[in-house]
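Undergrad: Below is the file input-v2.txt, which contains compact mmCIF, C-alpha atoms.
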```
# COMPACT_ATOMS: atom_id res chain seq x y z
CA MET A 649 71.83 138.32 90.10
CA ALA A 650 74.43 136.99 87.75
CA GLN A 651 75.03 133.28 88.23
CA LYS A 652 78.67 132.43 88.86
CA SER A 653 79.69 130.06 86.13
CA GLU A 654 80.91 126.62 87.15
CA TYR A 655 84.20 126.94 85.29
CA ILE A 656 87.05 129.36 85.61
CA GLN A 657 88.66 129.97 82.25
CA THR A 658 92.38 130.66 82.10
CA GLU A 659 94.26 132.69 79.50
CA THR A 660 95.19 129.61 77.49
CA GLY A 661 91.61 128.37 77.40
CA ASN A 662 91.69 125.83 80.22
CA LYS A 663 88.36 125.47 81.96
CA VAL A 664 88.74 124.46 85.56
CA SER A 665 85.72 123.70 87.73
CA ARG A 666 85.45 125.65 90.96
CA LYS A 667 84.62 122.39 92.71
CA SER A 668 87.80 120.62 91.64
CA LEU A 669 90.64 120.09 94.08
CA ILE A 670 94.00 121.15 92.72
CA ILE A 671 96.83 120.85 95.20
CA GLY A 672 100.28 122.24 94.49
CA SER A 673 99.20 124.20 91.41
CA GLN A 674 102.70 125.70 91.10
CA ASN A 675 103.94 122.24 90.03
CA ILE A 676 101.22 121.62 87.43
CA ILE A 677 101.36 122.64 83.78
CA LEU A 678 98.19 122.66 81.71
CA GLY A 679 98.87 122.94 77.99
CA GLY A 680 95.66 124.84 77.20
CA LYS A 681 92.05 124.04 76.29
CA THR A 682 91.95 121.41 79.00
CA ILE A 683 88.74 120.84 80.93
CA ILE A 684 88.80 119.85 84.58
CA GLN A 685 85.41 118.89 85.98
CA ALA A 686 84.05 118.97 89.52
CA ASP A 687 85.57 116.75 92.25
CA CYS A 688 88.57 116.07 90.06
CA CYS A 689 91.71 115.94 92.17
CA ILE A 690 95.22 116.72 90.93
CA ARG A 691 98.12 116.17 93.32
CA GLY A 692 100.79 118.59 92.16
CA ASP A 693 102.23 118.71 95.67
CA LEU A 694 103.67 115.21 95.34
CA ARG A 695 106.73 116.42 93.48
CA ARG A 696 110.21 115.03 93.19
CA LEU A 697 112.48 115.77 96.12
CA VAL A 698 116.12 116.35 95.27
CA PRO A 699 119.08 116.92 97.59
CA GLN A 700 119.76 120.58 98.25
CA GLY A 701 121.96 122.39 95.77
CA GLN A 702 120.77 120.33 92.83
CA ASN A 703 118.65 121.85 90.12
CA ALA A 704 115.43 120.09 89.39
CA THR A 705 112.44 120.89 87.27
CA ALA A 706 109.60 121.50 89.66
CA VAL A 707 106.96 120.05 87.36
CA ALA A 708 105.00 117.22 88.97
CA ILE A 709 102.19 116.92 86.43
CA ALA A 710 102.25 118.13 82.82
CA VAL A 711 99.04 117.96 80.81
CA GLY A 712 98.84 118.62 77.07
CA ARG A 713 96.14 120.37 75.04
CA TYR A 714 92.48 119.40 74.71
CA CYS A 715 92.50 117.03 77.65
CA PHE A 716 89.30 116.25 79.51
CA LEU A 717 89.34 115.19 83.16
CA SER A 718 85.86 113.98 84.16
CA LYS A 719 84.14 114.19 87.53
CA GLY A 720 85.88 112.47 90.40
CA SER A 721 89.00 111.54 88.44
CA LEU A 722 92.34 111.74 90.17
CA LEU A 723 95.86 112.40 88.89
CA ARG A 724 98.62 111.41 91.27
CA PRO A 725 102.33 111.26 90.43
CA PRO A 726 103.81 107.77 90.90
CA SER A 727 106.29 106.97 93.65
CA LYS A 728 108.97 104.36 94.17
CA THR A 729 112.25 103.68 95.90
CA TYR A 730 115.20 104.24 93.62
CA ARG A 731 118.82 104.01 94.82
CA GLY A 732 117.64 103.76 98.39
CA GLN A 733 115.66 106.97 98.14
CA PHE A 734 111.87 106.99 98.19
CA ASN A 735 110.59 109.64 95.82
CA TYR A 736 107.73 110.83 93.66
CA TYR A 737 108.31 111.14 89.94
CA PRO A 738 106.70 113.45 87.36
CA MET A 739 103.70 112.43 85.30
CA LYS A 740 103.13 113.53 81.74
CA LEU A 741 99.92 113.50 79.71
CA GLY A 742 99.86 114.16 75.96
CA ASP A 743 97.14 115.93 73.96
CA HIS A 744 93.51 114.81 73.55
CA VAL A 745 93.54 112.60 76.64
CA PHE A 746 90.10 111.76 78.01
CA ILE A 747 89.83 110.47 81.57
CA GLY A 748 86.50 109.00 82.64
CA GLU A 749 84.61 109.49 85.88
CA GLY A 750 86.22 108.13 89.03
CA SER A 751 89.41 106.91 87.36
CA VAL A 752 92.67 107.01 89.29
CA ILE A 753 95.78 107.69 87.23
CA GLU A 754 99.27 107.05 88.58
CA ALA A 755 100.96 106.61 85.21
CA ALA A 756 104.39 107.96 84.30
CA VAL A 757 103.55 108.84 80.69
CA ILE A 758 100.30 108.88 78.76
CA GLY A 759 100.59 109.61 75.04
CA SER A 760 98.21 111.57 72.84
CA TYR A 761 94.72 110.48 71.77
CA VAL A 762 94.13 108.24 74.76
CA ASN A 763 90.64 107.49 76.02
CA ILE A 764 90.38 106.11 79.55
CA GLY A 765 86.90 104.96 80.63
CA LYS A 766 85.08 105.20 83.94
CA ASN A 767 86.44 103.79 87.21
CA CYS A 768 89.75 102.65 85.78
CA VAL A 769 92.90 102.31 87.82
CA ILE A 770 96.12 103.00 85.95
CA GLY A 771 98.96 101.62 88.07
CA LYS A 772 102.17 103.34 89.06
CA PHE A 773 104.75 104.04 86.34
CA THR A 774 102.53 102.75 83.54
CA ILE A 775 103.47 104.00 80.09
CA ILE A 776 100.58 104.36 77.67
CA LYS A 777 101.53 105.11 74.07
CA ASP A 778 99.48 107.13 71.53
CA CYS A 779 95.99 106.15 70.31
CA VAL A 780 94.86 103.80 73.03
CA ARG A 781 91.39 103.10 74.35
CA ILE A 782 90.95 101.77 77.88
CA GLU A 783 87.50 100.38 78.63
CA ASP A 784 85.47 101.11 81.77
CA GLY A 785 86.62 99.41 84.96
CA THR A 786 90.03 98.35 83.67
CA VAL A 787 92.87 97.90 86.14
CA ILE A 788 96.32 98.27 84.62
CA ALA A 789 99.13 96.72 86.63
CA PRO A 790 102.01 98.93 87.79
CA ASN A 791 105.00 99.36 85.42
CA SER A 792 103.12 98.07 82.35
CA VAL A 793 103.59 99.46 78.86
CA ILE A 794 100.52 99.70 76.62
CA PRO A 795 101.40 99.79 72.90
CA SER A 796 99.89 102.20 70.37
CA PHE A 797 96.56 101.45 68.69
CA SER A 798 95.37 99.02 71.32
CA SER A 799 92.15 98.63 73.22
CA VAL A 800 92.62 97.40 76.79
CA GLU A 801 90.09 95.72 79.02
CA GLY A 802 89.87 93.61 82.17
CA HIS A 803 91.24 93.15 85.62
CA PRO A 804 94.25 93.02 85.11
CA GLY A 805 94.04 94.95 81.84
CA GLN A 806 95.04 93.17 78.69
CA VAL A 807 95.06 94.22 75.06
CA VAL A 808 91.86 92.78 73.56
CA GLU A 809 91.67 94.53 70.22
CA GLU A 810 93.67 96.60 67.78
CA LEU A 811 92.36 100.01 66.83
CA PRO A 812 92.18 101.08 63.16
CA GLU A 813 94.61 103.58 61.69
CA THR A 814 91.92 106.24 61.85
CA ALA A 815 91.79 105.98 65.66
CA ALA A 816 93.28 109.43 66.18
CA GLU A 817 90.29 111.00 64.42
CA MET A 818 87.88 109.02 66.59
CA LEU A 819 89.67 109.97 69.78
CA GLU A 820 90.06 113.68 69.06
CA LEU A 821 88.52 115.93 71.72
CA LYS A 822 88.23 119.32 69.96
CA GLU A 823 84.47 118.96 69.64
CA LEU A 824 84.11 117.94 73.28
CA TYR A 825 85.93 121.08 74.38
CA LYS A 826 83.36 123.23 72.59
CA THR A 827 80.45 121.60 74.45
CA VAL A 828 81.56 122.85 77.88
CA MET B 1277 85.50 136.19 118.76
CA ALA B 1278 84.16 133.03 117.22
CA PRO B 1279 86.40 129.98 117.61
CA PRO B 1280 88.39 129.12 114.45
CA ARG B 1281 86.31 126.97 112.18
CA GLN B 1282 87.35 124.66 109.39
CA ARG B 1283 87.16 126.28 105.98
CA PRO B 1284 83.57 126.08 104.71
CA GLY B 1285 83.19 123.40 102.10
CA ALA B 1286 86.37 121.71 103.24
CA ALA B 1287 84.48 119.12 105.19
CA SER B 1288 80.92 119.47 104.00
CA SER B 1289 78.81 117.90 106.70
CA SER B 1290 81.13 118.22 109.65
CA SER B 1291 82.21 121.84 109.15
CA SER B 1292 79.50 123.12 111.44
CA ALA B 1293 79.11 120.02 113.63
CA PRO B 1294 81.55 119.62 116.52
CA LEU B 1295 84.53 117.37 115.96
CA PRO B 1296 84.51 113.96 117.64
CA PRO B 1297 86.94 113.57 120.57
CA LEU B 1298 90.36 113.34 118.93
CA SER B 1299 93.43 111.81 120.44
CA ILE B 1300 96.18 112.47 117.95
CA ASP B 1301 99.89 111.94 118.49
CA PRO B 1302 101.91 115.17 117.96
CA SER B 1303 104.00 113.48 115.25
CA VAL B 1304 100.94 112.80 113.06
CA LEU B 1305 100.76 114.76 109.81
CA LEU B 1306 97.22 116.00 109.21
CA SER B 1307 96.60 117.63 105.84
CA ASP B 1308 94.07 120.23 104.89
CA ALA B 1309 90.35 119.42 104.67
CA ILE B 1310 90.22 116.12 106.50
CA SER B 1311 86.70 115.33 107.58
CA PHE B 1312 86.23 113.96 111.07
CA SER B 1313 82.62 113.18 111.90
CA GLY B 1314 80.71 111.23 114.51
CA THR B 1315 80.70 111.21 118.29
CA PHE B 1316 82.93 108.27 119.26
CA PRO B 1317 86.63 108.97 119.90
CA ILE B 1318 89.21 108.83 117.11
CA THR B 1319 92.76 107.83 118.05
CA ILE B 1320 95.71 108.18 115.70
CA GLY B 1321 99.15 106.75 116.48
CA ALA B 1322 102.61 108.24 115.96
CA ASN B 1323 104.04 109.09 112.53
CA THR B 1324 100.80 108.47 110.65
CA ILE B 1325 99.97 110.56 107.58
CA LEU B 1326 96.46 111.60 106.60
CA HIS B 1327 96.18 113.02 103.08
CA PRO B 1328 93.78 115.86 102.23
CA ARG B 1329 90.08 115.00 101.94
CA CYS B 1330 90.13 111.67 103.69
CA LYS B 1331 87.09 111.01 105.81
CA LEU B 1332 86.90 109.40 109.23
CA ASN B 1333 83.39 108.67 110.45
CA SER B 1334 82.96 107.52 114.04
CA THR B 1335 79.16 107.73 114.23
CA GLU B 1336 78.76 104.02 115.05
CA GLY B 1337 81.92 103.38 117.06
CA PRO B 1338 85.48 104.45 117.85
CA ILE B 1339 88.29 104.51 115.26
CA ILE B 1340 91.84 103.61 116.20
CA VAL B 1341 94.59 104.12 113.62
CA GLY B 1342 97.98 102.66 114.51
CA SER B 1343 101.40 104.23 114.09
CA ASN B 1344 103.26 104.60 110.77
CA CYS B 1345 100.12 104.40 108.61
CA ILE B 1346 99.23 106.33 105.47
CA VAL B 1347 95.61 107.10 104.64
CA SER B 1348 95.21 108.65 101.19
CA GLU B 1349 92.76 111.18 99.81
CA LYS B 1350 89.11 110.38 99.09
CA THR B 1351 89.28 107.36 101.37
CA GLN B 1352 86.59 106.79 103.95
CA LEU B 1353 87.19 105.03 107.25
CA ILE B 1354 83.83 104.19 108.81
CA ALA B 1355 83.48 102.41 112.13
CA PRO B 1356 80.99 99.54 111.63
CA ASP B 1357 79.65 99.16 115.19
CA ALA B 1358 80.34 99.99 118.84
CA ASP B 1359 83.43 97.73 118.81
CA GLY B 1360 84.94 100.18 116.36
CA LEU B 1361 87.50 100.06 113.57
CA VAL B 1362 91.10 99.25 114.40
CA LEU B 1363 93.91 99.83 111.90
CA GLY B 1364 97.18 98.20 112.95
CA ASP B 1365 100.64 99.72 112.50
CA TYR B 1366 102.26 100.06 109.06
CA VAL B 1367 98.95 100.05 107.17
CA LEU B 1368 98.89 101.73 103.77
CA VAL B 1369 95.47 102.76 102.51
CA GLU B 1370 95.47 104.16 98.98
CA VAL B 1371 92.98 106.49 97.32
CA ASN B 1372 89.22 106.01 96.85
CA CYS B 1373 88.85 103.14 99.35
CA THR B 1374 85.76 102.60 101.47
CA ILE B 1375 86.67 100.87 104.69
CA HIS B 1376 83.85 99.63 106.85
CA ALA B 1377 85.95 96.89 108.45
CA ALA B 1378 86.31 95.98 112.12
CA ARG B 1379 90.05 95.34 111.95
CA ILE B 1380 92.93 95.71 109.54
CA GLY B 1381 96.08 93.93 110.65
CA GLU B 1382 99.62 95.23 110.80
CA GLY B 1383 101.53 95.71 107.54
CA THR B 1384 98.50 95.37 105.30
CA SER B 1385 98.21 97.44 102.16
CA VAL B 1386 94.82 98.33 100.77
CA GLU B 1387 95.21 99.55 97.21
CA VAL B 1388 93.23 101.98 95.06
CA GLY B 1389 89.45 101.79 95.24
CA ALA B 1390 89.15 98.67 97.41
CA LYS B 1391 85.86 98.24 99.24
CA LEU B 1392 85.89 96.51 102.60
CA GLY B 1393 82.47 95.30 103.74
CA LYS B 1394 80.88 95.85 107.11
CA ALA B 1395 82.75 94.41 110.10
CA CYS B 1396 85.17 92.32 108.02
CA ARG B 1397 88.49 91.45 109.61
CA ILE B 1398 91.71 91.63 107.61
CA GLY B 1399 94.78 89.81 108.94
CA ASN B 1400 98.37 91.02 109.15
CA ASN B 1401 100.50 91.68 106.05
CA CYS B 1402 97.66 91.22 103.56
CA THR B 1403 97.50 92.89 100.15
CA LEU B 1404 94.18 93.94 98.67
CA SER B 1405 94.73 94.77 95.00
CA PRO B 1406 92.99 97.70 93.25
CA LEU B 1407 89.16 97.60 93.09
CA SER B 1408 88.95 94.39 95.14
CA THR B 1409 85.97 93.95 97.43
CA VAL B 1410 85.71 92.09 100.72
CA PRO B 1411 82.19 90.91 101.66
CA ASP B 1412 80.53 91.91 104.95
CA GLY B 1413 81.79 89.98 107.97
CA GLU B 1414 84.54 88.17 106.01
CA VAL B 1415 87.69 87.14 107.90
CA LEU B 1416 90.92 87.18 105.87
CA PRO B 1417 93.84 85.23 107.38
CA ASP B 1418 97.35 86.73 107.62
CA TYR B 1419 99.39 87.07 104.40
CA THR B 1420 96.35 86.84 102.09
CA VAL B 1421 96.63 88.51 98.69
CA LEU B 1422 93.35 89.41 97.03
CA TYR B 1423 93.78 89.95 93.30
CA GLY B 1424 91.96 89.88 89.97
CA GLU B 1425 88.19 89.60 90.20
CA THR B 1426 87.95 87.06 93.03
CA HIS B 1427 91.32 85.32 93.26
CA ARG B 1428 93.17 84.73 96.49
CA ARG B 1429 96.57 83.40 97.37
CA LEU B 1430 98.99 83.43 100.26
CA ASP B 1431 102.00 85.72 100.18
CA ILE B 1432 105.02 83.51 100.82
CA SER B 1433 107.61 86.04 99.65
CA ASN B 1434 108.57 86.89 103.25
CA THR B 1435 108.97 90.58 102.44
CA ALA B 1436 106.90 92.04 105.26
CA ALA B 1437 109.90 93.70 106.91
CA ALA B 1438 111.04 95.23 103.61
CA ARG B 1439 107.54 96.55 102.98
CA ASN B 1440 107.46 98.21 106.36
CA GLU B 1441 110.80 99.82 105.63
CA THR B 1442 109.52 101.18 102.30
CA LEU B 1443 106.48 102.54 104.08
CA LEU B 1444 108.72 104.36 106.58
CA ALA B 1445 110.67 105.89 103.68
CA HIS B 1446 107.36 106.87 102.07
CA ILE B 1447 106.24 108.56 105.30
CA ASP B 1448 109.56 110.43 105.52
CA CYS B 1449 109.14 111.65 101.96
CA LEU B 1450 105.54 112.78 102.56
CA LYS B 1451 106.56 114.63 105.72
CA LYS B 1452 108.86 116.77 103.59
CA LEU B 1453 106.22 117.34 100.90
CA LEU B 1454 102.94 117.90 102.70
CA PRO B 1455 102.21 120.88 104.93
CA ASN B 1456 101.02 119.96 108.41
CA LYS B 1457 97.68 121.53 109.29
CA ALA B 1458 97.30 119.76 112.65
CA GLU B 1459 96.57 123.01 114.50
CA LYS B 1460 93.33 123.33 112.52
CA TYR B 1461 91.87 120.34 114.28
CA ASN B 1462 92.81 121.37 117.81
CA ARG B 1463 89.97 122.30 120.04
```
Take the structure in this file and express it as structure tokens.
TA:
Amino acid sequence: MAQKSEYIQTETGNKVSRKSLIIGSQNIILGGKTIIQADCCIRGDLRRLVPQGQNATAVAIAVGRYCFLSKGSLLRPPSKTYRGQFNYYPMKLGDHVFIGEGSVIEAAVIGSYVNIGKNCVIGKFTIIKDCVRIEDGTVIAPNSVIPSFSSVEGHPGQVVEELPETAAEMLELKELYKTV
Amino acid sequence: MAPPRQRPGAASSSSSAPLPPLSIDPSVLLSDAISFSGTFPITIGANTILHPRCKLNSTEGPIIVGSNCIVSEKTQLIAPDADGLVLGDYVLVEVNCTIHAARIGEGTSVEVGAKLGKACRIGNNCTLSPLSTVPDGEVLPDYTVLYGETHRRLDISNTAAARNETLLAHIDCLKKLLPNKAEKYNR
């Protein structure tokens, strides 16, 4: 009997594990060639609520190309009270973003070429710029901004090192996509 | 006709086992694929929200969740002993937590990935920051903030009422966003 493969491949080359939990898929955009591993959870249902009659983009989570979401990672749009109204806000990931096992992401924006290690917690409304490495077990405080070419570590996460100009080459995930 | 079962795989171990005795207020929002296991009763108060895939295990004792609480996905609530686990009102439990505590006081927020040891007791209006751990049997007084690797301080900001109000707004928002699957758990 033919073995059912673990991944479902979409037209744009995304590979999504059958064991992942994707809620509210109508509010999620995957840019293509993104890999989503088992037990990964994406909360597209936590979208922005707007008063009736107003037009709103229904995107809760946008993911770029060549992203890799490891086992047990979790993407959850951030929430806050703004002008007396509690709401969820969209989350955007760039290209070549690697998210390690068991990490919980509640960032507002993550740039391209970002590597997030295992068991990290990225706080609500964090903005991570391009070419950033976040070491295993880092906790980034809510509302922080991580500059480009930095390596972040600790609890709370602080910039400990600057990455070289060639960081984008090191953090590229095209090869990783081919291995799955 | 067979009685309606939970979707296979939704709650791995408990899908075939009978549910524990549930006493759930009609205003509670239960999401899809919540796992209830054990034999002791589970009580959930008014207006509480349970996100998908949270696990409540009452094998060792009863679980009582107060009103206006939020329990997020991938969180486990495990009763430590026959005295059970009691969550007060206005408790926010974020994702990936493991809660083996005996008591969590009113207005406490437990943030992402916190681990609460066996039979520990958390006071009212505490904040446990992400990835913090509480040792077994520990007693945390009211208004404690656990942060960093092992740091502690007292919260003197006097914002407990404001926090509760935010939590109520959060619950309102979630009630509009999440579908209620409460009928799935009725027996």
Undergrad: Mind listing as a CSV table (one decimal) with C-alpha atoms, in the coordinates of the input which residues of chain B are within 7 Å of chain A, counting only C-alpha atoms?
TA:
```csv
chain,number,residue,atom,x,y,z
B,1424,GLY,CA,92.0,89.9,90.0
B,1425,GLU,CA,88.2,89.6,90.2
B,1445,ALA,CA,110.7,105.9,103.7
B,1446,HIS,CA,107.4,106.9,102.1
B,1449,CYS,CA,109.1,111.6,102.0
B,1453,LEU,CA,106.2,117.3,100.9
```
Undergrad: Find the residues around Asp1301 of chain B up to 10 Å (all atoms listed in the file counted), leave out those fewer than 4 positions away in its own chain, and share them as a list in words.
TA: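 So the residues in contact are Leu1305, Thr1319, Ile1320, Gly1321, Ala1322, Asn1323, Thr1324 and Ser1343 of chain B.
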Undergrad: Pull the closest atom pair for each residue of segment 1302-1340 of chain B that gets at most 7 Å from segment 1348-1372 of chain B, along with the distance in Å to one decimal, counting all atoms listed in the file, ordering rows by chain and then ascending residue number, as JSON lines.
TA:
```
{"residue": "B:Leu1326", "atom": "CA", "partner": "B:Ser1348", "partner_atom": "CA", "distance": 6.3}
{"residue": "B:His1327", "atom": "CA", "partner": "B:Ser1348", "partner_atom": "CA", "distance": 4.9}
{"residue": "B:Pro1328", "atom": "CA", "partner": "B:Glu1349", "partner_atom": "CA", "distance": 5.4}
{"residue": "B:Arg1329", "atom": "CA", "partner": "B:Glu1349", "partner_atom": "CA", "distance": 5.1}
{"residue": "B:Cys1330", "atom": "CA", "partner": "B:Glu1349", "partner_atom": "CA", "distance": 4.7}
{"residue": "B:Lys1331", "atom": "CA", "partner": "B:Gln1352", "partner_atom": "CA", "distance": 4.6}
{"residue": "B:Leu1332", "atom": "CA", "partner": "B:Leu1353", "partner_atom": "CA", "distance": 4.8}
{"residue": "B:Asn1333", "atom": "CA", "partner": "B:Ile1354", "partner_atom": "CA", "distance": 4.8}
{"residue": "B:Ser1334", "atom": "CA", "partner": "B:Ala1355", "partner_atom": "CA", "distance": 5.5}
{"residue": "B:Glu1336", "atom": "CA", "partner": "B:Asp1357", "partner_atom": "CA", "distance": 4.9}
{"residue": "B:Gly1337", "atom": "CA", "partner": "B:Ala1358", "partner_atom": "CA", "distance": 4.1}
{"residue": "B:Pro1338", "atom": "CA", "partner": "B:Gly1360", "partner_atom": "CA", "distance": 4.6}
{"residue": "B:Ile1339", "atom": "CA", "partner": "B:Leu1361", "partner_atom": "CA", "distance": 4.8}
{"residue": "B:Ile1340", "atom": "CA", "partner": "B:Val1362", "partner_atom": "CA", "distance": 4.8}
```
Undergrad: So the first atom is atom CA of Ala710 of chain A and the second is atom CA of Ile775 of chain A; what is the distance between them in Å, to one decimal place?
TA: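 Here the two named atoms are 14.4 Å from each other.
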Undergrad: Excluding Ser799 of chain A and its own-chain neighbours fewer than 3 positions away, which residues fall within 7 Å of it when counting all atoms listed in the file? Please give them as a PyMOL selection string.
TA: chain A and resi 780-782+807-811
Undergrad: I'd like the interatomic distance between atom CA of Ile684 of chain A and atom CA of Ser668 of chain A, to a tenth of an Å.
TA: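 Separation of atom CA of Ile684 of chain A and atom CA of Ser668 of chain A: 7.2 Å.
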Undergrad: Determine, counting only C-alpha atoms, which protein, DNA and RNA residues have an atom within 9 Å of an atom of Ile758 of chain A; residues of the same chain fewer than 6 positions away are not included. Present the result as an NGL selection string.
TA: :A and (739-742 or 745 or 774-778)
Undergrad: Could you tell me how far atom CA of Ser792 of chain A lies from atom CA of Gly748 of chain A, in Å and to one decimal?
TA: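 About the pair atom CA of Ser792 of chain A and atom CA of Gly748 of chain A: they are 19.9 Å apart.
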Undergrad: Fewer than 3 positions away in the same chain doesn't count, so skip those; otherwise give me all residues within 8 Å of Glu749 of chain A, counting all atoms listed in the file, as a PyMOL selection string.
TA: chain A and resi 717-721+765-767
Undergrad: Counting only C-alpha atoms, which of A:Val698, A:Ala686, A:Val757, A:Cys779 gets nearest to Ile656 of chain A?
TA: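 Counting only C-alpha atoms, the residue closest to Ile656 of chain A is A:Ala686.
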Undergrad: List as a list in words: which residues have an atom within 12 Å of (78.1, 129.8, 83.7), counting all atoms listed in the file?
TA: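 Every residue inside that radius is included here: Ala650, Gln651, Lys652, Ser653, Glu654, Tyr655, Ile656, Gln657, Lys663, Ser665, Arg666 and Val828 of chain A.
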Undergrad: Got a sec: who's within 7 Å of Thr1420 of chain B, counting all atoms listed in the file, leaving out chain neighbours fewer than 4 positions off, as a PyMOL selection string?
TA: chain B and resi 1402-1403+1416+1428-1431
Undergrad: Would you mind telling me which residue in B:Leu1443, B:Val1415, B:Ala1438, B:Leu1450 lies nearest to Ser1385 of chain B when using only C-alpha atoms?
TA: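 That would be B:Leu1443, the residue with the smallest distance to Ser1385 of chain B.
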Undergrad: So that all listed atoms of segment 1304-1323 of chain B fit with 5 Å spare on each side, what axis-aligned box centre and edge lengths in Å, to one decimal, would you give as lines of an AutoDock Vina configuration file?
TA:
```
center_x = 92.4
center_y = 113.5
center_z = 112.3
size_x = 33.3
size_y = 23.5
size_z = 25.2
```
Undergrad: I'd like to know which of B:Lys1394, B:Lys1451, B:Lys1460, B:His1376 is closest to Ile1346 of chain B, using all atoms listed in the file.
TA: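 Ranked by minimum distance to Ile1346 of chain B, first place goes to B:Lys1451.
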Undergrad: Could you write segment 1432-1451 of chain B as a PDB file, keeping the file's coordinate frame, with N, CA and C atoms rebuilt where they are missing?
TA:
```
ATOM      1  N   ILE B1432     103.944  84.258 100.159  1.00  0.00           N
ATOM      2  CA  ILE B1432     105.020  83.510 100.820  1.00  0.00           C
ATOM      3  C   ILE B1432     106.374  84.147 100.528  1.00  0.00           C
ATOM      4  N   SER B1433     106.353  85.400 100.061  1.00  0.00           N
ATOM      5  CA  SER B1433     107.610  86.040  99.650  1.00  0.00           C
ATOM      6  C   SER B1433     108.449  86.476 100.853  1.00  0.00           C
ATOM      7  N   ASN B1434     107.827  86.526 102.053  1.00  0.00           N
ATOM      8  CA  ASN B1434     108.570  86.890 103.250  1.00  0.00           C
ATOM      9  C   ASN B1434     109.195  88.287 103.145  1.00  0.00           C
ATOM     10  N   THR B1435     108.434  89.240 102.629  1.00  0.00           N
ATOM     11  CA  THR B1435     108.970  90.580 102.440  1.00  0.00           C
ATOM     12  C   THR B1435     108.313  91.601 103.372  1.00  0.00           C
ATOM     13  N   ALA B1436     107.636  91.113 104.397  1.00  0.00           N
ATOM     14  CA  ALA B1436     106.900  92.040 105.260  1.00  0.00           C
ATOM     15  C   ALA B1436     107.802  93.114 105.845  1.00  0.00           C
ATOM     16  N   ALA B1437     109.007  92.726 106.293  1.00  0.00           N
ATOM     17  CA  ALA B1437     109.900  93.700 106.910  1.00  0.00           C
ATOM     18  C   ALA B1437     110.336  94.754 105.898  1.00  0.00           C
ATOM     19  N   ALA B1438     110.621  94.296 104.660  1.00  0.00           N
ATOM     20  CA  ALA B1438     111.040  95.230 103.610  1.00  0.00           C
ATOM     21  C   ALA B1438     109.917  96.201 103.275  1.00  0.00           C
ATOM     22  N   ARG B1439     108.689  95.681 103.278  1.00  0.00           N
ATOM     23  CA  ARG B1439     107.540  96.550 102.980  1.00  0.00           C
ATOM     24  C   ARG B1439     107.387  97.619 104.036  1.00  0.00           C
ATOM     25  N   ASN B1440     107.566  97.220 105.289  1.00  0.00           N
ATOM     26  CA  ASN B1440     107.460  98.210 106.360  1.00  0.00           C
ATOM     27  C   ASN B1440     108.525  99.278 106.222  1.00  0.00           C
ATOM     28  N   GLU B1441     109.722  98.863 105.799  1.00  0.00           N
ATOM     29  CA  GLU B1441     110.800  99.820 105.630  1.00  0.00           C
ATOM     30  C   GLU B1441     110.479 100.816 104.521  1.00  0.00           C
ATOM     31  N   THR B1442     109.926 100.300 103.408  1.00  0.00           N
ATOM     32  CA  THR B1442     109.520 101.180 102.300  1.00  0.00           C
ATOM     33  C   THR B1442     108.469 102.170 102.771  1.00  0.00           C
ATOM     34  N   LEU B1443     107.540 101.669 103.593  1.00  0.00           N
ATOM     35  CA  LEU B1443     106.480 102.540 104.080  1.00  0.00           C
ATOM     36  C   LEU B1443     107.066 103.654 104.946  1.00  0.00           C
ATOM     37  N   LEU B1444     108.080 103.326 105.750  1.00  0.00           N
ATOM     38  CA  LEU B1444     108.720 104.360 106.580  1.00  0.00           C
ATOM     39  C   LEU B1444     109.382 105.405 105.700  1.00  0.00           C
ATOM     40  N   ALA B1445     110.038 104.950 104.599  1.00  0.00           N
ATOM     41  CA  ALA B1445     110.670 105.890 103.680  1.00  0.00           C
ATOM     42  C   ALA B1445     109.608 106.764 103.014  1.00  0.00           C
ATOM     43  N   HIS B1446     108.480 106.146 102.672  1.00  0.00           N
ATOM     44  CA  HIS B1446     107.360 106.870 102.070  1.00  0.00           C
ATOM     45  C   HIS B1446     106.859 107.959 103.027  1.00  0.00           C
ATOM     46  N   ILE B1447     106.728 107.595 104.309  1.00  0.00           N
ATOM     47  CA  ILE B1447     106.240 108.560 105.300  1.00  0.00           C
ATOM     48  C   ILE B1447     107.228 109.718 105.439  1.00  0.00           C
ATOM     49  N   ASP B1448     108.524 109.389 105.448  1.00  0.00           N
ATOM     50  CA  ASP B1448     109.560 110.430 105.520  1.00  0.00           C
ATOM     51  C   ASP B1448     109.432 111.411 104.386  1.00  0.00           C
ATOM     52  N   CYS B1449     109.248 110.847 103.175  1.00  0.00           N
ATOM     53  CA  CYS B1449     109.140 111.650 101.960  1.00  0.00           C
ATOM     54  C   CYS B1449     107.905 112.558 102.053  1.00  0.00           C
ATOM     55  N   LEU B1450     106.776 111.991 102.474  1.00  0.00           N
ATOM     56  CA  LEU B1450     105.540 112.780 102.560  1.00  0.00           C
ATOM     57  C   LEU B1450     105.648 113.880 103.611  1.00  0.00           C
ATOM     58  N   LYS B1451     106.404 113.608 104.685  1.00  0.00           N
ATOM     59  CA  LYS B1451     106.560 114.630 105.720  1.00  0.00           C
ATOM     60  C   LYS B1451     107.281 115.855 105.187  1.00  0.00           C
TER      61      LYS B1451
END
```
